[in-house]
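One file, structure-v5.cif, is given below (mmCIF, C-alpha atoms).
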data_data
loop_
_atom_site.label_atom_id
_atom_site.label_comp_id
_atom_site.auth_asym_id
_atom_site.auth_seq_id
_atom_site.Cartn_x
_atom_site.Cartn_y
_atom_site.Cartn_z
CA MET A 657 -110.77 -107.34 111.26
CA GLU A 658 -114.46 -106.41 111.39
CA THR A 659 -115.36 -103.11 109.73
CA ALA A 660 -116.85 -100.52 112.07
CA THR A 661 -120.28 -99.01 111.42
CA ILE A 662 -121.81 -95.58 112.05
CA LYS A 663 -123.51 -97.10 115.11
CA ASP A 664 -120.09 -98.09 116.53
CA ILE A 665 -118.81 -94.53 116.14
CA ALA A 666 -121.99 -93.10 117.68
CA LYS A 667 -121.70 -95.45 120.66
CA ALA A 668 -118.01 -94.65 121.20
CA LEU A 669 -118.66 -90.89 121.18
CA ASN A 670 -122.09 -90.95 122.82
CA LEU A 671 -123.62 -89.21 119.81
CA SER A 672 -126.69 -90.01 117.74
CA THR A 673 -126.21 -91.97 114.53
CA SER A 674 -127.76 -89.11 112.56
CA THR A 675 -125.17 -86.67 113.95
CA VAL A 676 -122.33 -89.04 113.06
CA SER A 677 -123.75 -89.59 109.59
CA ARG A 678 -124.03 -85.86 108.90
CA ALA A 679 -120.52 -85.25 110.27
CA LEU A 680 -119.05 -87.91 107.95
CA ARG A 681 -120.81 -86.28 105.00
CA GLY A 682 -119.36 -82.88 105.93
CA SER A 683 -122.76 -81.33 106.57
CA TYR A 684 -122.82 -77.60 107.39
CA GLU A 685 -125.24 -78.47 110.24
CA ILE A 686 -122.43 -80.03 112.27
CA ASN A 687 -119.82 -77.81 113.92
CA PRO A 688 -116.16 -78.24 112.91
CA GLU A 689 -115.03 -79.64 116.27
CA THR A 690 -117.65 -82.39 116.19
CA LYS A 691 -116.66 -83.23 112.63
CA ARG A 692 -113.01 -83.49 113.69
CA ILE A 693 -113.82 -85.80 116.61
CA VAL A 694 -116.05 -88.02 114.45
CA LEU A 695 -113.46 -88.30 111.67
CA GLU A 696 -110.69 -89.17 114.14
CA CYS A 697 -112.87 -91.85 115.71
CA ALA A 698 -113.82 -93.22 112.29
CA GLU A 699 -110.14 -93.57 111.37
CA LYS A 700 -109.32 -95.19 114.73
CA LEU A 701 -112.13 -97.73 114.37
CA ASN A 702 -111.25 -98.41 110.69
CA TYR A 703 -114.65 -97.18 109.50
CA ARG A 704 -115.18 -97.24 105.74
CA PRO A 705 -118.38 -96.12 104.00
CA ASN A 706 -120.44 -98.82 102.28
CA PRO A 707 -120.71 -97.57 98.68
CA ILE A 708 -123.68 -99.81 97.81
CA ALA A 709 -125.71 -98.75 100.84
CA LEU A 710 -124.85 -95.09 100.23
CA SER A 711 -125.79 -95.28 96.54
CA LEU A 712 -129.23 -96.69 97.39
CA LYS A 713 -129.82 -94.05 100.04
CA GLU A 714 -128.60 -91.08 98.01
CA ASN A 715 -129.76 -92.21 94.55
CA ARG A 716 -126.19 -91.93 93.29
CA SER A 717 -123.89 -94.58 91.85
CA ARG A 718 -121.06 -93.77 94.31
CA ALA A 719 -118.73 -94.36 91.36
CA ILE A 720 -116.51 -92.02 89.34
CA GLY A 721 -115.13 -92.63 85.86
CA VAL A 722 -111.48 -92.19 84.86
CA ILE A 723 -110.33 -92.01 81.23
CA VAL A 724 -106.60 -92.15 80.49
CA PRO A 725 -104.66 -92.69 77.25
CA GLU A 726 -102.96 -95.87 78.53
CA ILE A 727 -102.94 -97.62 81.88
CA ASP A 728 -99.58 -99.28 81.16
CA ASN A 729 -97.97 -95.82 81.04
CA PRO A 730 -96.39 -95.61 84.52
CA PHE A 731 -97.32 -91.93 84.81
CA PHE A 732 -101.02 -92.73 84.49
CA SER A 733 -100.69 -95.78 86.74
CA GLN A 734 -99.34 -93.55 89.51
CA ALA A 735 -102.07 -90.97 88.92
CA ILE A 736 -104.74 -93.70 89.13
CA ASN A 737 -103.26 -94.86 92.45
CA GLY A 738 -103.75 -91.33 93.78
CA ILE A 739 -107.31 -91.17 92.43
CA GLU A 740 -108.29 -94.52 93.94
CA ALA A 741 -106.86 -93.66 97.36
CA ILE A 742 -109.01 -90.53 97.62
CA ALA A 743 -112.11 -92.20 96.15
CA TYR A 744 -111.87 -95.18 98.53
CA ASN A 745 -111.57 -92.99 101.60
CA ARG A 746 -114.66 -91.05 100.53
CA GLY A 747 -116.73 -94.13 99.75
CA TYR A 748 -116.54 -94.23 95.95
CA HIS A 749 -115.65 -96.88 93.40
CA VAL A 750 -113.46 -96.05 90.38
CA VAL A 751 -114.29 -97.19 86.85
CA ILE A 752 -111.26 -96.95 84.53
CA PHE A 753 -111.22 -96.76 80.73
CA GLN A 754 -108.37 -96.37 78.23
CA SER A 755 -108.59 -94.27 75.07
CA HIS A 756 -105.34 -95.67 73.60
CA GLU A 757 -104.69 -92.14 72.25
CA SER A 758 -107.84 -92.43 70.09
CA TYR A 759 -110.59 -89.80 69.93
CA GLU A 760 -113.12 -92.41 68.81
CA ARG A 761 -112.35 -94.66 71.78
CA GLU A 762 -112.48 -91.68 74.13
CA LEU A 763 -115.95 -90.87 72.78
CA VAL A 764 -117.10 -94.46 73.38
CA ASN A 765 -115.57 -94.36 76.89
CA VAL A 766 -117.67 -91.30 77.75
CA GLN A 767 -120.81 -93.00 76.42
CA HIS A 768 -120.13 -96.10 78.55
CA LEU A 769 -119.59 -93.99 81.67
CA LEU A 770 -122.87 -92.17 81.06
CA ALA A 771 -124.61 -95.54 80.68
CA ARG A 772 -123.11 -96.62 84.02
CA ARG A 773 -124.48 -93.42 85.58
CA VAL A 774 -121.18 -92.44 87.21
CA ASP A 775 -121.30 -89.41 89.50
CA GLY A 776 -118.37 -87.65 87.84
CA VAL A 777 -115.52 -88.07 85.35
CA LEU A 778 -111.76 -87.47 85.49
CA ILE A 779 -110.06 -87.36 82.11
CA SER A 780 -106.66 -86.93 80.50
CA LEU A 781 -107.26 -86.27 76.81
CA SER A 782 -106.17 -88.60 74.03
CA GLY A 783 -103.54 -87.52 71.53
CA GLN A 784 -106.21 -87.26 68.79
CA THR A 785 -108.83 -85.25 70.68
CA ASN A 786 -109.47 -81.79 69.27
CA ASN A 787 -113.28 -81.96 69.29
CA TYR A 788 -114.86 -81.58 72.72
CA GLU A 789 -118.60 -81.95 72.07
CA HIS A 790 -118.70 -85.24 74.01
CA LEU A 791 -117.31 -83.44 77.07
CA HIS A 792 -119.72 -80.53 76.70
CA GLY A 793 -122.41 -83.21 76.56
CA LEU A 794 -121.28 -84.62 79.91
CA GLN A 795 -121.60 -81.23 81.56
CA GLU A 796 -124.97 -80.57 79.93
CA LYS A 797 -126.22 -83.79 81.51
CA GLY A 798 -125.06 -82.54 84.92
CA VAL A 799 -122.05 -84.87 85.24
CA PRO A 800 -119.08 -83.05 86.86
CA LEU A 801 -115.83 -83.21 84.88
CA VAL A 802 -112.22 -82.52 85.94
CA PHE A 803 -109.10 -82.62 83.73
CA PHE A 804 -105.69 -83.86 84.85
CA ASP A 805 -102.37 -83.71 82.98
CA ARG A 806 -103.86 -83.13 79.50
CA PHE A 807 -106.63 -80.56 79.20
CA THR A 808 -108.38 -78.05 76.98
CA ASP A 809 -109.41 -74.49 77.72
CA ALA A 810 -112.52 -75.09 75.59
CA ILE A 811 -114.16 -76.68 78.67
CA THR A 812 -114.69 -74.64 81.83
CA THR A 813 -113.88 -76.80 84.85
CA HIS A 814 -111.10 -77.67 87.31
CA LYS A 815 -107.72 -78.65 85.84
CA VAL A 816 -104.80 -80.25 87.69
CA ILE A 817 -101.58 -80.19 85.69
CA ALA A 818 -97.82 -80.03 86.01
CA ASP A 819 -95.99 -76.74 85.54
CA ASN A 820 -95.07 -77.80 82.02
CA PHE A 821 -93.62 -74.45 80.96
CA LYS A 822 -91.24 -74.22 83.91
CA GLY A 823 -90.23 -77.88 83.64
CA ALA A 824 -89.40 -77.58 79.94
CA PHE A 825 -87.61 -74.27 80.48
CA GLU A 826 -85.38 -75.71 83.21
CA GLY A 827 -84.71 -78.87 81.22
CA THR A 828 -83.71 -76.94 78.09
CA GLU A 829 -81.64 -74.50 80.15
CA HIS A 830 -79.72 -77.43 81.67
CA LEU A 831 -78.91 -78.76 78.20
CA ILE A 832 -77.73 -75.31 77.07
CA LEU A 833 -75.55 -74.82 80.17
CA SER A 834 -74.01 -78.25 79.59
CA GLY A 835 -72.82 -77.05 76.18
CA ARG A 836 -75.62 -78.09 73.82
CA LYS A 837 -76.63 -75.60 71.18
CA LYS A 838 -78.76 -77.62 68.73
CA ILE A 839 -81.52 -79.17 70.82
CA ALA A 840 -84.29 -81.18 69.14
CA HIS A 841 -87.64 -81.33 70.90
CA LEU A 842 -89.89 -84.34 70.31
CA GLY A 843 -93.52 -83.68 71.19
CA ALA A 844 -96.74 -85.65 71.05
CA SER A 845 -99.74 -84.33 69.07
CA SER A 846 -99.26 -80.68 68.18
CA PHE A 847 -102.57 -79.59 69.75
CA LEU A 848 -102.12 -81.40 73.10
CA SER A 849 -101.75 -79.04 76.05
CA ILE A 850 -98.63 -80.80 77.34
CA THR A 851 -96.97 -80.39 73.94
CA THR A 852 -97.79 -76.69 73.46
CA GLU A 853 -96.87 -75.72 77.04
CA ARG A 854 -93.55 -77.58 76.94
CA ILE A 855 -92.62 -76.11 73.56
CA LYS A 856 -93.23 -72.63 74.99
CA GLY A 857 -90.82 -73.41 77.85
CA TYR A 858 -88.25 -74.81 75.40
CA LYS A 859 -88.46 -71.70 73.20
CA ALA A 860 -88.20 -69.35 76.20
CA ALA A 861 -84.94 -71.01 77.31
CA LEU A 862 -83.47 -70.71 73.80
CA GLU A 863 -84.43 -67.05 73.73
CA LYS A 864 -82.83 -66.39 77.14
CA TYR A 865 -79.48 -67.67 75.84
CA ASN A 866 -79.79 -66.05 72.39
CA ILE A 867 -80.04 -69.36 70.54
CA PRO A 868 -82.15 -68.98 67.36
CA PHE A 869 -85.31 -71.10 67.30
CA ASP A 870 -85.22 -73.67 64.48
CA GLU A 871 -88.69 -74.99 63.55
CA SER A 872 -87.13 -78.09 61.93
CA LEU A 873 -85.93 -79.26 65.35
CA ILE A 874 -89.52 -79.59 66.61
CA ARG A 875 -91.01 -82.97 65.71
CA TYR A 876 -94.43 -84.42 66.56
CA CYS A 877 -95.04 -88.13 66.90
CA ASN A 878 -97.09 -90.83 68.55
CA PHE A 879 -95.45 -93.39 70.80
CA SER A 880 -94.54 -96.04 68.21
CA ILE A 881 -90.93 -97.18 67.84
CA GLN A 882 -91.32 -97.17 64.04
CA GLU A 883 -92.22 -93.49 63.92
CA MET A 884 -89.46 -92.64 66.38
CA GLU A 885 -86.90 -94.42 64.19
CA THR A 886 -88.03 -92.41 61.16
CA ILE A 887 -87.75 -89.12 63.06
CA ILE A 888 -84.33 -89.91 64.52
CA ASP A 889 -83.03 -91.14 61.14
CA ASP A 890 -84.17 -87.84 59.65
CA LEU A 891 -82.49 -85.77 62.40
CA LEU A 892 -79.23 -87.72 62.13
CA SER A 893 -79.15 -87.40 58.35
CA GLU A 894 -78.71 -83.63 58.59
CA SER A 895 -75.27 -82.21 57.85
CA ASN A 896 -75.27 -80.72 61.35
CA PRO A 897 -77.34 -83.13 63.48
CA PRO A 898 -78.68 -82.15 66.92
CA ASP A 899 -76.42 -82.55 69.95
CA ALA A 900 -79.37 -83.09 72.33
CA ILE A 901 -82.90 -84.48 72.24
CA PHE A 902 -85.50 -83.33 74.78
CA THR A 903 -88.69 -85.41 74.62
CA VAL A 904 -92.20 -84.61 75.80
CA SER A 905 -92.28 -87.84 77.83
CA ASP A 906 -89.99 -90.46 79.33
CA ARG A 907 -91.50 -93.11 77.06
CA LEU A 908 -90.17 -91.21 74.05
CA ALA A 909 -86.83 -90.71 75.83
CA MET A 910 -86.55 -94.47 76.40
CA ALA A 911 -87.30 -95.11 72.73
CA CYS A 912 -84.61 -92.55 71.81
CA LEU A 913 -82.06 -94.28 74.02
CA THR A 914 -82.81 -97.66 72.44
CA ILE A 915 -82.65 -96.39 68.86
CA LEU A 916 -79.50 -94.28 69.35
CA LYS A 917 -77.67 -97.17 71.03
CA GLU A 918 -78.61 -99.48 68.15
CA LYS A 919 -77.05 -96.91 65.82
CA HIS A 920 -73.92 -96.82 68.00
CA ILE A 921 -74.44 -93.16 68.91
CA ALA A 922 -72.58 -92.33 72.14
CA ILE A 923 -74.82 -90.91 74.87
CA PRO A 924 -74.23 -88.23 76.09
CA LYS A 925 -70.97 -87.60 74.22
CA ASP A 926 -72.58 -87.35 70.76
CA ILE A 927 -76.19 -86.66 71.74
CA ALA A 928 -77.65 -85.91 75.17
CA VAL A 929 -81.13 -87.33 75.93
CA MET A 930 -83.69 -85.97 78.38
CA GLY A 931 -87.26 -86.98 79.22
CA PHE A 932 -90.30 -85.60 81.03
CA THR A 933 -92.01 -87.61 83.82
CA ASN A 934 -89.14 -89.42 85.61
CA LEU A 935 -90.30 -93.03 85.46
CA LYS A 936 -89.03 -95.37 88.17
CA VAL A 937 -86.81 -97.15 85.63
CA ALA A 938 -85.10 -93.89 84.58
CA SER A 939 -82.27 -94.39 87.08
CA LEU A 940 -81.81 -98.07 86.12
CA LEU A 941 -81.13 -97.58 82.41
CA GLU A 942 -77.66 -97.31 80.89
CA PRO A 943 -77.05 -94.51 80.78
CA ALA A 944 -79.53 -93.41 83.42
CA PHE A 945 -81.44 -90.56 81.85
CA THR A 946 -82.11 -87.04 83.01
CA ALA A 947 -85.78 -86.17 83.44
CA VAL A 948 -88.20 -83.51 84.59
CA VAL A 949 -90.27 -85.00 87.40
CA GLN A 950 -94.06 -84.73 87.33
CA PRO A 951 -95.87 -85.46 90.63
CA ALA A 952 -98.27 -88.05 89.17
CA LEU A 953 -99.61 -89.41 92.48
CA GLU A 954 -100.36 -85.95 93.84
CA MET A 955 -101.95 -84.95 90.55
CA GLY A 956 -104.36 -87.86 90.79
CA GLN A 957 -105.16 -87.10 94.43
CA ARG A 958 -105.83 -83.40 93.86
CA ALA A 959 -107.97 -84.07 90.78
CA ALA A 960 -110.05 -86.67 92.64
CA GLU A 961 -110.60 -84.32 95.58
CA LEU A 962 -111.81 -81.54 93.28
CA LEU A 963 -114.13 -83.89 91.40
CA LEU A 964 -115.69 -85.35 94.54
CA ASP A 965 -116.17 -81.86 95.96
CA LEU A 966 -118.14 -81.03 92.80
CA VAL A 967 -120.14 -84.26 93.08
CA GLU A 968 -121.03 -83.61 96.72
CA LYS A 969 -121.60 -79.88 96.39
CA LYS A 970 -124.81 -78.87 98.14
CA SER A 971 -124.85 -75.20 97.18
CA LYS A 972 -126.31 -73.94 93.89
CA ALA A 973 -123.85 -71.03 93.83
CA PRO A 974 -121.47 -70.90 90.83
CA THR A 975 -118.19 -72.76 91.26
CA ASN A 976 -114.90 -70.86 91.08
CA PHE A 977 -112.98 -73.32 88.93
CA GLN A 978 -109.24 -73.68 89.53
CA THR A 979 -106.24 -74.52 87.38
CA ILE A 980 -103.75 -76.09 89.76
CA ARG A 981 -100.16 -76.23 88.48
CA LEU A 982 -98.05 -78.64 90.48
CA PRO A 983 -94.30 -77.94 90.63
CA THR A 984 -91.83 -80.01 88.62
CA GLU A 985 -88.23 -80.89 89.48
CA LEU A 986 -85.23 -81.54 87.26
CA VAL A 987 -83.30 -84.74 88.09
CA ILE A 988 -79.91 -84.77 86.35
CA ARG A 989 -78.31 -88.10 85.45
CA LYS A 990 -75.70 -89.54 83.05
CA SER A 991 -77.65 -89.11 79.80
CA THR A 992 -76.90 -85.36 79.80
CA ALA A 993 -73.62 -85.35 81.75
CA LEU A 994 -70.78 -83.12 80.55
#
Just dump the structure as structure tokens.
Amino acid sequence: METATIKDIAKALNLSTSTVSRALRGSYEINPETKRIVLECAEKLNYRPNPIALSLKENRSRAIGVIVPEIDNPFFSQAINGIEAIAYNRGYHVVIFQSHESYERELVNVQHLLARRVDGVLISLSGQTNNYEHLHGLQEKGVPLVFFDRFTDAITTHKVIADNFKGAFEGTEHLILSGRKKIAHLGASSFLSITTERIKGYKAALEKYNIPFDESLIRYCNFSIQEMETIIDDLLSESNPPDAIFTVSDRLAMACLTILKEKHIAIPKDIAVMGFTNLKVASLLEPAFTAVVQPALEMGQRAAELLLDLVEKKSKAPTNFQTIRLPTELVIRKSTAL
């Protein structure tokens, strides 16, 4: 199928090509009704912007950079799908880098994206990042930046995240109401936003039901099986081991399931297991595990929209930056059943 051009849209609507072009760019010079008609016609004719032609005309790369900890993490894969859908429809390419949870690699990623002259950057911080000079440097060079999932308040910009506090609160509350009183919480790096917000939700649920907070039940780890085995061995060696484990991510929950089954621990009879993300495989495992759902696709879409709005902003007026918290949902399955 041949791709339509601006000339085809102009001919179909009996408008000038300059009017169509300005309408597609969202120019304030074009009235809303004309914009609506042009956009509807563009969709009908399967019009897609030519990123190369646009980049030459506008002196922009028509590309945005995305930095994630790991692409093979299904959460980030879904988020990238959302980012690419929005970018494609607005005539942008997406350049993707992985930090592999390393601050040094994240720093190199930013340098590469600057060298490629991307128009903006979307980032979810690595598990080691607690120095943000490289991100301040991006902004100082005039490159718009938007956080998704993992963020820092040290940088002033848009942030699109899950309602981590509420999700962790509801997950912990479910475990308490199902009879668990000694709930271990396995987090990622202690300074990551997702870890701190979810621990706050966990602690609030304990407080609501008058269960004393036990610092020894909070453990921090990376995503290696070896470290998980050490942590679980340590928890199980206690005279009164935990009766539930709530992890900061589904990947950790899956590792818990594997390790506990190898140790012949009955799930959920001896220990209940819960994750945070709700990977597609969550319902296929045995036992299928309970999880707090994060809307990864929507998170990617919203973050991309905010970034491209910053990239295309015509006004010099200060931006009112937003922190968008997307709702979570608790999906209860066999791994926490009574």
Could you pull the residues within 12 Å of Ser905 of chain A, counting all atoms listed in the file, minus those fewer than 3 positions along the same chain, as a compact mmCIF listing (two decimals) with C-alpha atoms, in the coordinates of the input?
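Output file around05.txt follows:
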# COMPACT_ATOMS: atom_id res chain seq x y z
CA ASN A 729 -97.97 -95.82 81.04
CA PRO A 730 -96.39 -95.61 84.52
CA PHE A 731 -97.32 -91.93 84.81
CA ASN A 820 -95.07 -77.80 82.02
CA GLY A 823 -90.23 -77.88 83.64
CA ALA A 824 -89.40 -77.58 79.94
CA HIS A 841 -87.64 -81.33 70.90
CA LEU A 842 -89.89 -84.34 70.31
CA GLY A 843 -93.52 -83.68 71.19
CA ALA A 844 -96.74 -85.65 71.05
CA ILE A 850 -98.63 -80.80 77.34
CA THR A 851 -96.97 -80.39 73.94
CA ARG A 854 -93.55 -77.58 76.94
CA TYR A 876 -94.43 -84.42 66.56
CA CYS A 877 -95.04 -88.13 66.90
CA ASN A 878 -97.09 -90.83 68.55
CA PHE A 879 -95.45 -93.39 70.80
CA ILE A 901 -82.90 -84.48 72.24
CA PHE A 902 -85.50 -83.33 74.78
CA LEU A 908 -90.17 -91.21 74.05
CA ALA A 909 -86.83 -90.71 75.83
CA MET A 910 -86.55 -94.47 76.40
CA ALA A 911 -87.30 -95.11 72.73
CA CYS A 912 -84.61 -92.55 71.81
CA VAL A 929 -81.13 -87.33 75.93
CA MET A 930 -83.69 -85.97 78.38
CA GLY A 931 -87.26 -86.98 79.22
CA PHE A 932 -90.30 -85.60 81.03
CA THR A 933 -92.01 -87.61 83.82
CA ASN A 934 -89.14 -89.42 85.61
CA LEU A 935 -90.30 -93.03 85.46
CA ALA A 938 -85.10 -93.89 84.58
CA PHE A 945 -81.44 -90.56 81.85
CA THR A 946 -82.11 -87.04 83.01
CA ALA A 947 -85.78 -86.17 83.44
CA VAL A 948 -88.20 -83.51 84.59
CA VAL A 949 -90.27 -85.00 87.40
CA GLN A 950 -94.06 -84.73 87.33
**Message:** Could you tell me, as a PyMOL selection string, exactly which residues end up selected when the PyMOL selection byres ((chain A and resi 750-765) around 6) is applied to this structure?
**Reply:** chain A and resi 719-726+749+766-768+782-785
**Request:** Please indicate the distance in Å from atom CA of Ser677 of chain A to atom CA of Ile693 of chain A, rounded to one decimal place.
**Result:** 12.7 Å
**Counting only C-alpha atoms, the residue of A:Lys864, A:Lys797, A:Arg692, A:Lys700 that sits nearest Ile665 of chain A** = A:Lys700
**Residue neighbourhood segment 662-664 of chain A, 12 Å, all atoms listed in the file, exclusion window fewer than 3 positions, as a count of residues only** = 29
**Prompt:** Got a sec: who's within 12 Å of Leu831 of chain A, counting only C-alpha atoms, leaving out chain neighbours fewer than 6 positions off, as number ranges by chain?
**Reply:** A: 824-825, 837-841, 858, 861-862, 865, 898-902, 924, 927-931, 946-947, 986, 988-989, 991-994
Since we have the selection now, will you write its residues out, keeping C-alpha atoms, as a compact mmCIF listing (two decimals), in the coordinates of the input?
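For reference, result.txt as written:
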# COMPACT_ATOMS: atom_id res chain seq x y z
CA ALA A 824 -89.40 -77.58 79.94
CA PHE A 825 -87.61 -74.27 80.48
CA LYS A 837 -76.63 -75.60 71.18
CA LYS A 838 -78.76 -77.62 68.73
CA ILE A 839 -81.52 -79.17 70.82
CA ALA A 840 -84.29 -81.18 69.14
CA HIS A 841 -87.64 -81.33 70.90
CA TYR A 858 -88.25 -74.81 75.40
CA ALA A 861 -84.94 -71.01 77.31
CA LEU A 862 -83.47 -70.71 73.80
CA TYR A 865 -79.48 -67.67 75.84
CA PRO A 898 -78.68 -82.15 66.92
CA ASP A 899 -76.42 -82.55 69.95
CA ALA A 900 -79.37 -83.09 72.33
CA ILE A 901 -82.90 -84.48 72.24
CA PHE A 902 -85.50 -83.33 74.78
CA PRO A 924 -74.23 -88.23 76.09
CA ILE A 927 -76.19 -86.66 71.74
CA ALA A 928 -77.65 -85.91 75.17
CA VAL A 929 -81.13 -87.33 75.93
CA MET A 930 -83.69 -85.97 78.38
CA GLY A 931 -87.26 -86.98 79.22
CA THR A 946 -82.11 -87.04 83.01
CA ALA A 947 -85.78 -86.17 83.44
CA LEU A 986 -85.23 -81.54 87.26
CA ILE A 988 -79.91 -84.77 86.35
CA ARG A 989 -78.31 -88.10 85.45
CA SER A 991 -77.65 -89.11 79.80
CA THR A 992 -76.90 -85.36 79.80
CA ALA A 993 -73.62 -85.35 81.75
CA LEU A 994 -70.78 -83.12 80.55
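Between atom CA of Phe869 of chain A and atom CA of Ser893 of chain A there is a distance of 19.6 Å.
Coordinates place atom CA of Val904 of chain A at a distance of 25.4 Å from atom CA of Val777 of chain A.
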**Request:** Rank A:Arg958, A:Ile867, A:Lys925, A:Leu953 by their smallest atom-to-atom distance to Lys990 of chain A, using only C-alpha atoms, and report the top residue only.
**Result:** A:Lys925
Return as CSV the residues of segment 787-886 of chain A lying at most 12 Å from segment 732-741 of chain A, together with the closest atom-to-atom pair for each and the distance in Å to one decimal, counting all atoms listed in the file, with rows in chain order and ascending residue number.
residue,atom,partner,partner_atom,distance
A:Val802,CA,A:Ile739,CA,11.9
A:Phe804,CA,A:Ala735,CA,9.0
A:Asp805,CA,A:Phe732,CA,9.2
A:Arg806,CA,A:Phe732,CA,11.2
A:Val816,CA,A:Ala735,CA,11.1
A:Ile817,CA,A:Ala735,CA,11.3
**Message:** Show me, as an NGL selection string, the residues that have an atom within 9 Å of Pro800 of chain A when counting only C-alpha atoms, minus same-chain residues fewer than 2 positions from it.
**Reply:** :A and (775-778 or 794-795 or 797-798 or 802 or 813 or 963-964 or 966-967)
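For the residues A:Gly747, A:Gly956, A:Pro897, A:Gly793, ranking by smallest atom-to-atom distance to Ile811 of chain A using all atoms listed in the file places A:Gly793 first.
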**Proximity to Ala743 of chain A - best of A:Thr914, A:Thr903, A:Asn976, A:Gln957, all atoms listed in the file** = A:Gln957
Could segment 864-883 of chain A be completed with N, CA and C atoms and written as a tab-separated table (two decimals), keeping the file's coordinate frame, please?
chain	number	residue	atom	x	y	z
A	864	LYS	N	-83.63	-66.94	76.04
A	864	LYS	CA	-82.83	-66.39	77.14
A	864	LYS	C	-81.34	-66.43	76.82
A	865	TYR	N	-80.91	-67.50	76.13
A	865	TYR	CA	-79.48	-67.67	75.84
A	865	TYR	C	-79.14	-67.33	74.38
A	866	ASN	N	-80.03	-66.57	73.75
A	866	ASN	CA	-79.79	-66.05	72.39
A	866	ASN	C	-79.49	-67.15	71.37
A	867	ILE	N	-80.16	-68.27	71.51
A	867	ILE	CA	-80.04	-69.36	70.54
A	867	ILE	C	-81.24	-69.28	69.60
A	868	PRO	N	-81.02	-69.11	68.30
A	868	PRO	CA	-82.15	-68.98	67.36
A	868	PRO	C	-83.05	-70.22	67.38
A	869	PHE	N	-84.35	-69.99	67.35
A	869	PHE	CA	-85.31	-71.10	67.30
A	869	PHE	C	-85.34	-71.66	65.89
A	870	ASP	N	-85.22	-72.98	65.77
A	870	ASP	CA	-85.22	-73.67	64.48
A	870	ASP	C	-86.45	-74.59	64.45
A	871	GLU	N	-87.43	-74.23	63.64
A	871	GLU	CA	-88.69	-74.99	63.55
A	871	GLU	C	-88.45	-76.46	63.18
A	872	SER	N	-87.40	-76.72	62.39
A	872	SER	CA	-87.13	-78.09	61.93
A	872	SER	C	-86.71	-79.02	63.07
A	873	LEU	N	-86.33	-78.43	64.22
A	873	LEU	CA	-85.93	-79.26	65.35
A	873	LEU	C	-87.12	-79.67	66.23
A	874	ILE	N	-88.31	-79.17	65.90
A	874	ILE	CA	-89.52	-79.59	66.61
A	874	ILE	C	-90.18	-80.70	65.79
A	875	ARG	N	-90.37	-81.86	66.40
A	875	ARG	CA	-91.01	-82.97	65.71
A	875	ARG	C	-92.17	-83.49	66.56
A	876	TYR	N	-93.24	-83.89	65.88
A	876	TYR	CA	-94.43	-84.42	66.56
A	876	TYR	C	-94.58	-85.89	66.20
A	877	CYS	N	-94.93	-86.70	67.17
A	877	CYS	CA	-95.04	-88.13	66.90
A	877	CYS	C	-95.98	-88.79	67.89
A	878	ASN	N	-96.38	-90.02	67.57
A	878	ASN	CA	-97.09	-90.83	68.55
A	878	ASN	C	-96.03	-91.62	69.31
A	879	PHE	N	-96.41	-92.69	69.95
A	879	PHE	CA	-95.45	-93.39	70.80
A	879	PHE	C	-94.95	-94.70	70.18
A	880	SER	N	-95.00	-94.81	68.86
A	880	SER	CA	-94.54	-96.04	68.21
A	880	SER	C	-93.04	-95.96	67.93
A	881	ILE	N	-92.37	-97.09	68.11
A	881	ILE	CA	-90.93	-97.18	67.84
A	881	ILE	C	-90.65	-96.88	66.38
A	882	GLN	N	-91.53	-97.37	65.47
A	882	GLN	CA	-91.32	-97.17	64.04
A	882	GLN	C	-91.26	-95.69	63.68
A	883	GLU	N	-92.20	-94.91	64.22
A	883	GLU	CA	-92.22	-93.49	63.92
A	883	GLU	C	-91.01	-92.79	64.53
